[in-house]
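Enquirer: Below is the file query03.pdb, with PDB, C-alpha atoms.
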MODEL        1
ATOM      1  CA  MET X 217      23.151   0.345 -29.197
ATOM      2  CA  TRP X 218      23.354  -2.209 -26.375
ATOM      3  CA  VAL X 219      21.440   0.186 -24.134
ATOM      4  CA  SER X 220      18.545   0.374 -26.603
ATOM      5  CA  LEU X 221      18.358  -3.433 -26.704
ATOM      6  CA  LEU X 222      17.260  -3.319 -23.073
ATOM      7  CA  LEU X 223      15.377  -0.019 -22.974
ATOM      8  CA  LEU X 224      12.962  -0.817 -25.801
ATOM      9  CA  PRO X 225      11.738  -4.102 -24.256
ATOM     10  CA  ALA X 226      11.471  -2.311 -20.900
ATOM     11  CA  ILE X 227       9.171   0.289 -22.458
ATOM     12  CA  PHE X 228       7.034  -2.216 -24.350
ATOM     13  CA  TYR X 229       6.720  -5.089 -21.873
ATOM     14  CA  GLN X 230       6.546  -3.559 -18.410
ATOM     15  CA  GLY X 231       3.941  -1.043 -17.225
ATOM     16  CA  ALA X 232       1.117  -2.892 -15.496
ATOM     17  CA  ARG X 233       2.161  -6.236 -16.959
ATOM     18  CA  THR X 234       3.375  -8.998 -14.644
ATOM     19  CA  GLY X 235       3.736 -11.940 -17.053
ATOM     20  CA  PRO X 236       6.895 -14.003 -17.659
ATOM     21  CA  LEU X 237       8.193 -11.673 -20.380
ATOM     22  CA  ALA X 238       7.813  -8.580 -18.201
ATOM     23  CA  GLN X 239       9.472 -10.420 -15.310
ATOM     24  CA  GLY X 240      12.314 -11.450 -17.615
ATOM     25  CA  VAL X 241      12.892  -7.863 -18.730
ATOM     26  CA  ALA X 242      12.843  -6.731 -15.100
ATOM     27  CA  GLY X 243      15.347  -9.425 -14.159
ATOM     28  CA  LEU X 244      17.639  -8.451 -17.021
ATOM     29  CA  SER X 245      17.444  -4.789 -15.990
ATOM     30  CA  ILE X 246      18.388  -5.699 -12.414
ATOM     31  CA  ALA X 247      21.360  -7.723 -13.646
ATOM     32  CA  PHE X 248      22.628  -4.878 -15.861
ATOM     33  CA  LEU X 249      22.231  -2.371 -13.022
ATOM     34  CA  ALA X 250      24.111  -4.677 -10.637
ATOM     35  CA  VAL X 251      27.054  -4.857 -13.047
ATOM     36  CA  HIS X 252      26.850  -1.092 -13.576
ATOM     37  CA  ALA X 253      26.968  -0.493  -9.806
ATOM     38  CA  VAL X 254      30.069  -2.681  -9.426
ATOM     39  CA  ILE X 255      31.812  -0.761 -12.224
ATOM     40  CA  VAL X 256      30.817   2.695 -10.989
ATOM     41  CA  LEU X 257      30.900   2.310  -7.205
ATOM     42  CA  GLY X 258      33.405  -0.501  -7.006
ATOM     43  CA  ALA X 259      32.634  -3.964  -5.678
ATOM     44  CA  PRO X 260      32.905  -3.106  -1.931
ATOM     45  CA  ARG X 261      30.493  -0.148  -2.091
ATOM     46  CA  ALA X 262      28.138  -1.928  -4.484
ATOM     47  CA  ALA X 263      28.008  -4.862  -2.057
ATOM     48  CA  MET X 264      27.444  -2.442   0.835
ATOM     49  CA  PHE X 265      24.582  -0.776  -1.043
ATOM     50  CA  ALA X 266      22.988  -4.134  -1.868
ATOM     51  CA  GLY X 267      23.428  -5.486   1.646
ATOM     52  CA  ILE X 268      21.905  -2.450   3.344
ATOM     53  CA  SER X 269      19.006  -2.146   0.916
ATOM     54  CA  LEU X 270      18.136  -5.862   1.020
ATOM     55  CA  ALA X 271      18.311  -6.056   4.821
ATOM     56  CA  VAL X 272      16.144  -2.978   5.343
ATOM     57  CA  THR X 273      13.686  -3.889   2.581
ATOM     58  CA  PHE X 274      12.979  -7.451   3.710
ATOM     59  CA  ALA X 275      12.795  -6.417   7.365
ATOM     60  CA  ILE X 276      10.284  -3.603   6.816
ATOM     61  CA  GLU X 277       8.264  -5.485   4.165
ATOM     62  CA  ASN X 278       7.862  -8.453   6.526
ATOM     63  CA  ILE X 279       6.815  -6.128   9.335
ATOM     64  CA  GLY X 280       4.391  -4.526   6.873
ATOM     65  CA  THR X 281       2.688  -7.764   5.849
ATOM     66  CA  ALA X 282       2.409  -8.871   9.490
ATOM     67  CA  THR X 283       1.191  -5.610  11.038
ATOM     68  CA  GLY X 284       0.045  -3.268   8.253
ATOM     69  CA  VAL X 285       2.738  -0.757   9.313
ATOM     70  CA  PRO X 286       3.989   1.299   7.545
ATOM     71  CA  TYR X 287       2.368   0.456   4.179
ATOM     72  CA  GLY X 288      -1.122  -0.713   5.077
ATOM     73  CA  HIS X 289      -2.653  -4.209   5.045
ATOM     74  CA  TYR X 290      -1.522  -6.051   1.924
ATOM     75  CA  ALA X 291      -0.206  -9.353   0.599
ATOM     76  CA  PHE X 292       1.792 -10.349  -2.480
ATOM     77  CA  LEU X 293       0.088 -12.452  -5.136
ATOM     78  CA  VAL X 294       2.956 -12.458  -7.626
ATOM     79  CA  GLY X 295       5.959 -14.720  -7.186
ATOM     80  CA  SER X 296       4.125 -17.476  -5.331
ATOM     81  CA  THR X 297       6.499 -20.082  -6.809
ATOM     82  CA  LEU X 298       9.627 -18.094  -5.902
ATOM     83  CA  ILE X 299      11.737 -18.427  -2.772
ATOM     84  CA  HIS X 300      10.377 -16.198   0.005
ATOM     85  CA  ILE X 301      12.260 -14.253   2.647
ATOM     86  CA  GLY X 302       9.663 -14.509   5.380
ATOM     87  CA  ALA X 303       6.408 -13.610   3.615
ATOM     88  CA  ILE X 304       8.094 -11.631   0.833
ATOM     89  CA  PRO X 305       8.967 -13.015  -2.631
ATOM     90  CA  ILE X 306      12.725 -12.837  -3.131
ATOM     91  CA  ILE X 307      12.391 -10.617  -6.227
ATOM     92  CA  VAL X 308      11.079  -7.712  -4.113
ATOM     93  CA  GLY X 309      14.450  -6.992  -2.525
ATOM     94  CA  PRO X 310      16.417  -6.781  -5.794
ATOM     95  CA  LEU X 311      13.732  -4.482  -7.253
ATOM     96  CA  TYR X 312      14.119  -2.088  -4.329
ATOM     97  CA  CYS X 313      17.894  -2.322  -4.695
ATOM     98  CA  ALA X 314      17.894  -1.662  -8.444
ATOM     99  CA  PHE X 315      15.528   1.298  -8.286
ATOM    100  CA  GLY X 316      17.347   2.554  -5.220
ATOM    101  CA  TYR X 317      20.593   2.546  -7.202
ATOM    102  CA  GLN X 318      18.973   4.425 -10.091
ATOM    103  CA  ALA X 319      17.573   6.948  -7.614
ATOM    104  CA  TRP X 320      20.967   7.316  -5.905
ATOM    105  CA  ILE X 321      22.700   8.174  -9.200
ATOM    106  CA  ILE X 322      19.938  10.619 -10.186
ATOM    107  CA  ALA X 323      19.935  12.299  -6.771
ATOM    108  CA  CYS X 324      23.729  12.667  -6.752
ATOM    109  CA  LEU X 325      23.567  14.365 -10.145
ATOM    110  CA  LEU X 326      20.731  16.676  -9.116
ATOM    111  CA  VAL X 327      22.388  17.627  -5.835
ATOM    112  CA  GLY X 328      25.898  17.786  -7.289
ATOM    113  CA  ALA X 329      27.242  15.144  -4.895
ATOM    114  CA  ASP X 330      29.890  12.474  -5.330
ATOM    115  CA  ILE X 331      28.252   9.196  -6.381
ATOM    116  CA  ASN X 332      30.679   7.222  -4.199
ATOM    117  CA  GLY X 333      29.236   8.922  -1.137
ATOM    118  CA  PRO X 334      28.587  12.395   0.274
ATOM    119  CA  ARG X 335      31.581  14.511   1.246
ATOM    120  CA  ASP X 336      29.707  17.255   3.121
ATOM    121  CA  ARG X 337      26.826  17.367   5.581
ATOM    122  CA  LEU X 338      24.386  18.975   3.164
ATOM    123  CA  SER X 339      24.830  16.136   0.653
ATOM    124  CA  LEU X 340      24.648  13.628   3.499
ATOM    125  CA  ILE X 341      21.054  14.729   4.131
ATOM    126  CA  ALA X 342      19.989  15.931   0.685
ATOM    127  CA  VAL X 343      20.970  12.935  -1.459
ATOM    128  CA  PRO X 344      18.957  10.292   0.485
ATOM    129  CA  VAL X 345      15.904  12.570   0.654
ATOM    130  CA  VAL X 346      15.972  13.405  -3.066
ATOM    131  CA  ALA X 347      16.640   9.754  -3.929
ATOM    132  CA  ALA X 348      13.746   8.578  -1.731
ATOM    133  CA  PHE X 349      11.379  10.978  -3.512
ATOM    134  CA  THR X 350      12.758   9.760  -6.860
ATOM    135  CA  ILE X 351      12.062   6.093  -6.171
ATOM    136  CA  THR X 352       8.676   6.826  -4.557
ATOM    137  CA  GLN X 353       7.647   8.629  -7.765
ATOM    138  CA  TRP X 354       7.994   5.279  -9.494
ATOM    139  CA  ASP X 355       5.762   3.592  -6.935
ATOM    140  CA  VAL X 356       3.125   6.325  -7.302
ATOM    141  CA  VAL X 357       3.049   5.506 -11.029
ATOM    142  CA  MET X 358       3.366   1.734 -10.758
ATOM    143  CA  ASP X 359       1.355   0.652  -7.741
ATOM    144  CA  PRO X 360      -2.297   1.174  -8.824
ATOM    145  CA  PRO X 361      -2.047  -0.643 -12.190
ATOM    146  CA  SER X 362       0.124  -3.403 -10.726
ATOM    147  CA  ALA X 363      -2.247  -4.014  -7.794
ATOM    148  CA  THR X 364      -5.548  -3.854  -9.679
ATOM    149  CA  ILE X 365      -4.844  -4.746 -13.324
ATOM    150  CA  GLY X 366      -1.677  -6.797 -12.891
ATOM    151  CA  HIS X 367      -2.803  -8.521  -9.637
ATOM    152  CA  ALA X 368       0.766  -8.487  -8.349
ATOM    153  CA  TRP X 369      -0.422  -7.770  -4.796
ATOM    154  CA  ILE X 370      -3.633  -6.877  -2.993
ATOM    155  CA  TRP X 371      -4.606  -4.126  -0.555
ATOM    156  CA  PHE X 372      -7.175  -5.698   1.749
ATOM    157  CA  ASP X 373      -8.713  -2.396   2.860
ATOM    158  CA  GLY X 374      -8.461  -0.706  -0.531
ATOM    159  CA  GLY X 375      -7.594   2.974  -0.758
ATOM    160  CA  GLY X 376      -8.638   6.210  -2.421
ATOM    161  CA  TYR X 377      -5.912   6.149  -5.083
ATOM    162  CA  PHE X 378      -7.361   3.432  -7.332
ATOM    163  CA  GLY X 379      -7.449   1.027  -4.419
ATOM    164  CA  VAL X 380      -4.040   1.968  -2.976
ATOM    165  CA  PRO X 381      -3.848   3.723   0.423
ATOM    166  CA  LEU X 382      -1.781   6.840   1.100
ATOM    167  CA  SER X 383       0.092   4.898   3.791
ATOM    168  CA  ASN X 384       1.706   2.783   1.060
ATOM    169  CA  PHE X 385       3.538   5.735  -0.425
ATOM    170  CA  LEU X 386       4.550   7.065   2.984
ATOM    171  CA  GLY X 387       5.894   3.583   3.707
ATOM    172  CA  TRP X 388       7.814   3.493   0.442
ATOM    173  CA  PHE X 389       9.386   6.852   1.168
ATOM    174  CA  LEU X 390      10.313   5.772   4.698
ATOM    175  CA  THR X 391      11.778   2.418   3.622
ATOM    176  CA  THR X 392      13.850   3.818   0.786
ATOM    177  CA  TRP X 393      14.994   6.827   2.823
ATOM    178  CA  ILE X 394      16.201   4.537   5.627
ATOM    179  CA  PHE X 395      18.425   2.355   3.461
ATOM    180  CA  LEU X 396      19.651   5.265   1.352
ATOM    181  CA  GLN X 397      20.443   7.289   4.477
ATOM    182  CA  LEU X 398      22.282   4.349   6.031
ATOM    183  CA  PHE X 399      24.357   3.944   2.860
ATOM    184  CA  ALA X 400      25.059   7.688   2.825
ATOM    185  CA  LEU X 401      26.193   7.588   6.453
ATOM    186  CA  ALA X 402      28.421   4.569   5.836
ATOM    187  CA  THR X 403      30.095   6.116   2.787
ATOM    188  CA  TYR X 404      30.372   9.529   4.457
ATOM    189  CA  ARG X 405      32.568   7.933   7.106
ATOM    190  CA  LEU X 406      34.792   6.619   4.301
ATOM    191  CA  ARG X 407      34.893   9.877   2.356
ATOM    192  CA  ASP X 408      38.649  10.357   2.789
ATOM    193  CA  ARG X 409      39.429   6.812   1.668
ATOM    194  CA  HIS X 410      38.026   6.844  -1.853
ATOM    195  CA  PRO X 411      38.558   8.928  -4.987
ATOM    196  CA  ARG X 412      35.745  11.030  -6.350
ATOM    197  CA  GLY X 413      33.314   9.060  -8.479
ATOM    198  CA  PRO X 414      32.887   9.619 -12.237
ATOM    199  CA  SER X 415      30.003  12.092 -11.797
ATOM    200  CA  ALA X 416      30.557  13.572 -15.265
ATOM    201  CA  SER X 417      30.835  10.257 -17.125
ATOM    202  CA  TYR X 418      28.312   9.449 -19.841
ATOM    203  CA  PHE X 419      28.406   5.909 -18.462
ATOM    204  CA  LEU X 420      25.946   7.244 -15.862
ATOM    205  CA  VAL X 421      23.338   7.662 -18.605
ATOM    206  CA  PHE X 422      22.312   4.012 -18.269
ATOM    207  CA  PRO X 423      20.613   4.093 -14.835
ATOM    208  CA  ILE X 424      18.904   7.368 -15.771
ATOM    209  CA  LEU X 425      17.524   5.929 -19.011
ATOM    210  CA  THR X 426      16.349   2.701 -17.378
ATOM    211  CA  TYR X 427      14.504   4.780 -14.778
ATOM    212  CA  MET X 428      12.970   6.844 -17.587
ATOM    213  CA  ALA X 429      12.021   3.685 -19.501
ATOM    214  CA  SER X 430      10.155   2.299 -16.495
ATOM    215  CA  GLY X 431       8.032   5.452 -16.546
ATOM    216  CA  LEU X 432       7.509   5.494 -20.313
ATOM    217  CA  SER X 433       6.440   1.832 -20.177
ATOM    218  CA  HIS X 434       3.095   3.047 -18.811
ATOM    219  CA  LEU X 435       2.295   4.696 -22.143
ATOM    220  CA  MET X 436       1.965   1.393 -24.009
ATOM    221  CA  PRO X 437      -0.914  -0.051 -21.888
ATOM    222  CA  LEU X 438      -3.021   2.961 -22.920
ATOM    223  CA  LEU X 439      -3.799   0.939 -26.058
ATOM    224  CA  ASP X 440      -5.327  -1.924 -24.044
ATOM    225  CA  PRO X 441      -9.145  -2.186 -23.906
ATOM    226  CA  ASP X 442     -10.985  -0.786 -20.914
ATOM    227  CA  MET X 443     -12.359  -3.216 -18.355
ATOM    228  CA  ARG X 444     -13.800  -3.200 -14.865
ATOM    229  CA  VAL X 445     -11.311  -4.190 -12.156
ATOM    230  CA  LEU X 446     -11.764  -4.650  -8.419
ATOM    231  CA  ASP X 447      -9.446  -3.690  -5.596
ATOM    232  CA  GLY X 448      -9.030  -5.745  -2.430
ATOM    233  CA  ALA X 449     -11.980  -4.060  -0.756
ATOM    234  CA  GLY X 450     -14.270  -4.943  -3.685
ATOM    235  CA  ARG X 451     -14.463  -1.424  -5.098
ATOM    236  CA  ALA X 452     -14.698  -1.249  -8.900
ATOM    237  CA  TRP X 453     -12.411   0.897 -11.055
ATOM    238  CA  SER X 454     -11.987   1.555 -14.764
ATOM    239  CA  SER X 455      -8.728   0.095 -16.039
ATOM    240  CA  ALA X 456      -8.537   2.898 -18.633
ATOM    241  CA  ASP X 457      -8.698   5.501 -15.853
ATOM    242  CA  ILE X 458      -5.928   3.711 -13.948
ATOM    243  CA  ARG X 459      -3.690   3.467 -17.015
ATOM    244  CA  THR X 460      -4.282   7.084 -18.009
ATOM    245  CA  SER X 461      -3.474   8.315 -14.505
ATOM    246  CA  ALA X 462      -0.278   6.252 -14.446
ATOM    247  CA  ALA X 463       0.796   7.634 -17.820
ATOM    248  CA  VAL X 464       0.041  11.254 -16.873
ATOM    249  CA  ILE X 465       1.901  11.009 -13.575
ATOM    250  CA  ALA X 466       4.892   9.299 -15.220
ATOM    251  CA  LEU X 467       5.098  11.989 -17.898
ATOM    252  CA  PHE X 468       5.109  14.791 -15.352
ATOM    253  CA  THR X 469       7.207  13.241 -12.566
ATOM    254  CA  MET X 470       9.574  10.487 -13.708
ATOM    255  CA  LEU X 471      10.226  11.968 -17.147
ATOM    256  CA  PRO X 472      11.200  15.489 -15.976
ATOM    257  CA  THR X 473      13.292  14.010 -13.147
ATOM    258  CA  SER X 474      15.165  11.927 -15.705
ATOM    259  CA  LEU X 475      15.581  14.869 -18.062
ATOM    260  CA  LEU X 476      16.908  17.087 -15.262
ATOM    261  CA  ALA X 477      19.462  14.414 -14.359
ATOM    262  CA  LEU X 478      20.539  14.129 -18.012
ATOM    263  CA  ILE X 479      20.863  17.920 -18.232
ATOM    264  CA  ARG X 480      22.972  18.001 -15.071
ATOM    265  CA  LEU X 481      25.164  15.241 -16.478
ATOM    266  CA  ALA X 482      25.632  17.152 -19.752
ATOM    267  CA  GLN X 483      26.461  20.342 -17.822
ATOM    268  CA  GLN X 484      29.098  18.517 -15.811
ATOM    269  CA  ARG X 485      30.569  17.045 -18.982
ATOM    270  CA  ALA X 486      30.709  20.504 -20.523
ATOM    271  CA  ALA X 487      32.400  21.902 -17.412
ATOM    272  CA  VAL X 488      35.000  19.142 -17.496
ATOM    273  CA  GLY X 489      35.602  19.899 -21.174
ATOM    274  CA  ASP X 490      36.002  23.619 -20.483
ATOM    275  CA  ASP X 491      38.471  22.910 -17.667
ATOM    276  CA  GLY X 492      40.432  20.652 -19.947
TER     277      GLY X 492
ENDMDL
END
Starting from the coordinates I provided, produce the structure as structure tokens.

Expert:
Amino acid sequence: MWVSLLLLPAIFYQGARTGPLAQGVAGLSIAFLAVHAVIVLGAPRAAMFAGISLAVTFAIENIGTATGVPYGHYAFLVGSTLIHIGAIPIIVGPLYCAFGYQAWIIACLLVGADINGPRDRLSLIAVPVVAAFTITQWDVVMDPPSATIGHAWIWFDGGGYFGVPLSNFLGWFLTTWIFLQLFALATYRLRDRHPRGPSASYFLVFPILTYMASGLSHLMPLLDPDMRVLDGAGRAWSSADIRTSAAVIALFTMLPTSLLALIRLAQQRAAVGDDG
């Protein structure tokens, strides 16, 4: 029941929306995921994950806004009243961290790896790569409506994907892969010092469902009226086309990824039951 109290607002009030209510739901989701990470990974590894992801995120995002590498030329419009780390609103780091944690759990389930950290070389490589694709799926869904309809940031040179350049998604994959790979390497070195994580626990449903909810949230804006929106280069787009594309991509990327993770979790639970 308590999960639904968060998931339903996440579905209804996120999507392309960037108002106070949507920001509040996002903040609440981050807080719940932070507590979840401490419970599942333990405080030391949760702090390690947060520290690595925040350091890498703010470093690369600041390089990106200053040079255009690796994302492209952009600037944040949202969070102007918030504390900034360099040129980046402070909320950006926790968002990367929260979605990175969701992606880590999903990737560990899909690969069959220990959530506390890889114990073999295949998982050491596979989990960060799968997790980076998982979190970049979210950006592929979220970025065009957030940049054009939500005015959360602006791409000065525009781009062919509703005003967003391909370099943005390559940058997202690179950034998330770096901090996920660093966390994997750090925990791999500690693999003999920690027990196996609860990979078959239904407690792991929460980060999967919050990831799924962030994708399903793009279905609700389909009811909004169509309007003409401009990207940073002055090119006009139909908001209905942007919303429809986001919904279609979410339904056929984020949703099946979530369902596969839930299936893997159920299979592991069944195997544990059979062994018992």

Enquirer: Given the choices X:Ala462, X:Gly267, X:Ile351, X:Leu425, which gets closest to Tyr377 (chain X) if the distance is worked out from all atoms listed in the file?

Expert: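 Closest residue, counting all atoms listed in the file: X:Ala462.
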
Enquirer: Residues at most 8 Å from region 467-473 of chain X, counting all atoms listed in the file, excluding those fewer than 3 positions away in the same chain, as a list in words?

Expert: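 Returned residues: Thr350, Gln353, Trp354, Tyr427, Met428, Gly431, Leu432, Ala463, Val464, Leu476 and Ala477 of chain X.
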
Enquirer: Report as an MDAnalysis selection string all protein, DNA and RNA residues lying within 9 Å of Thr391 (chain X), evaluated on only C-alpha atoms, omitting residues in the same chain fewer than 5 positions from it.

Expert: chainID X and resid 269 272:273 276:277 286 348 386 396

Enquirer: Can you tell me, as an MDAnalysis selection string, what residues are no more than 9 Å from Phe349 (chain X) when counting all atoms listed in the file, ignoring any on the same chain fewer than 2 positions away?

Expert: chainID X and resid 319 344:347 351:354 389 392:393

Enquirer: With distances taken over only C-alpha atoms, which residue among X:Ala466, X:Leu325, X:Val421, X:Ala402 lies nearest Arg480 (chain X)?

Expert: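 For Arg480 (chain X), the nearest of the candidates is X:Leu325.
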
Enquirer: What's the separation between CA of Phe248 (chain X) and CA of Phe265 (chain X), in Å to one decimal place?

Expert: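 The value is 15.5 Å.
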
Enquirer: So what do you get for CA of Thr364 (chain X) versus CA of Phe385 (chain X), distance-wise?

Expert: 16.1 Å
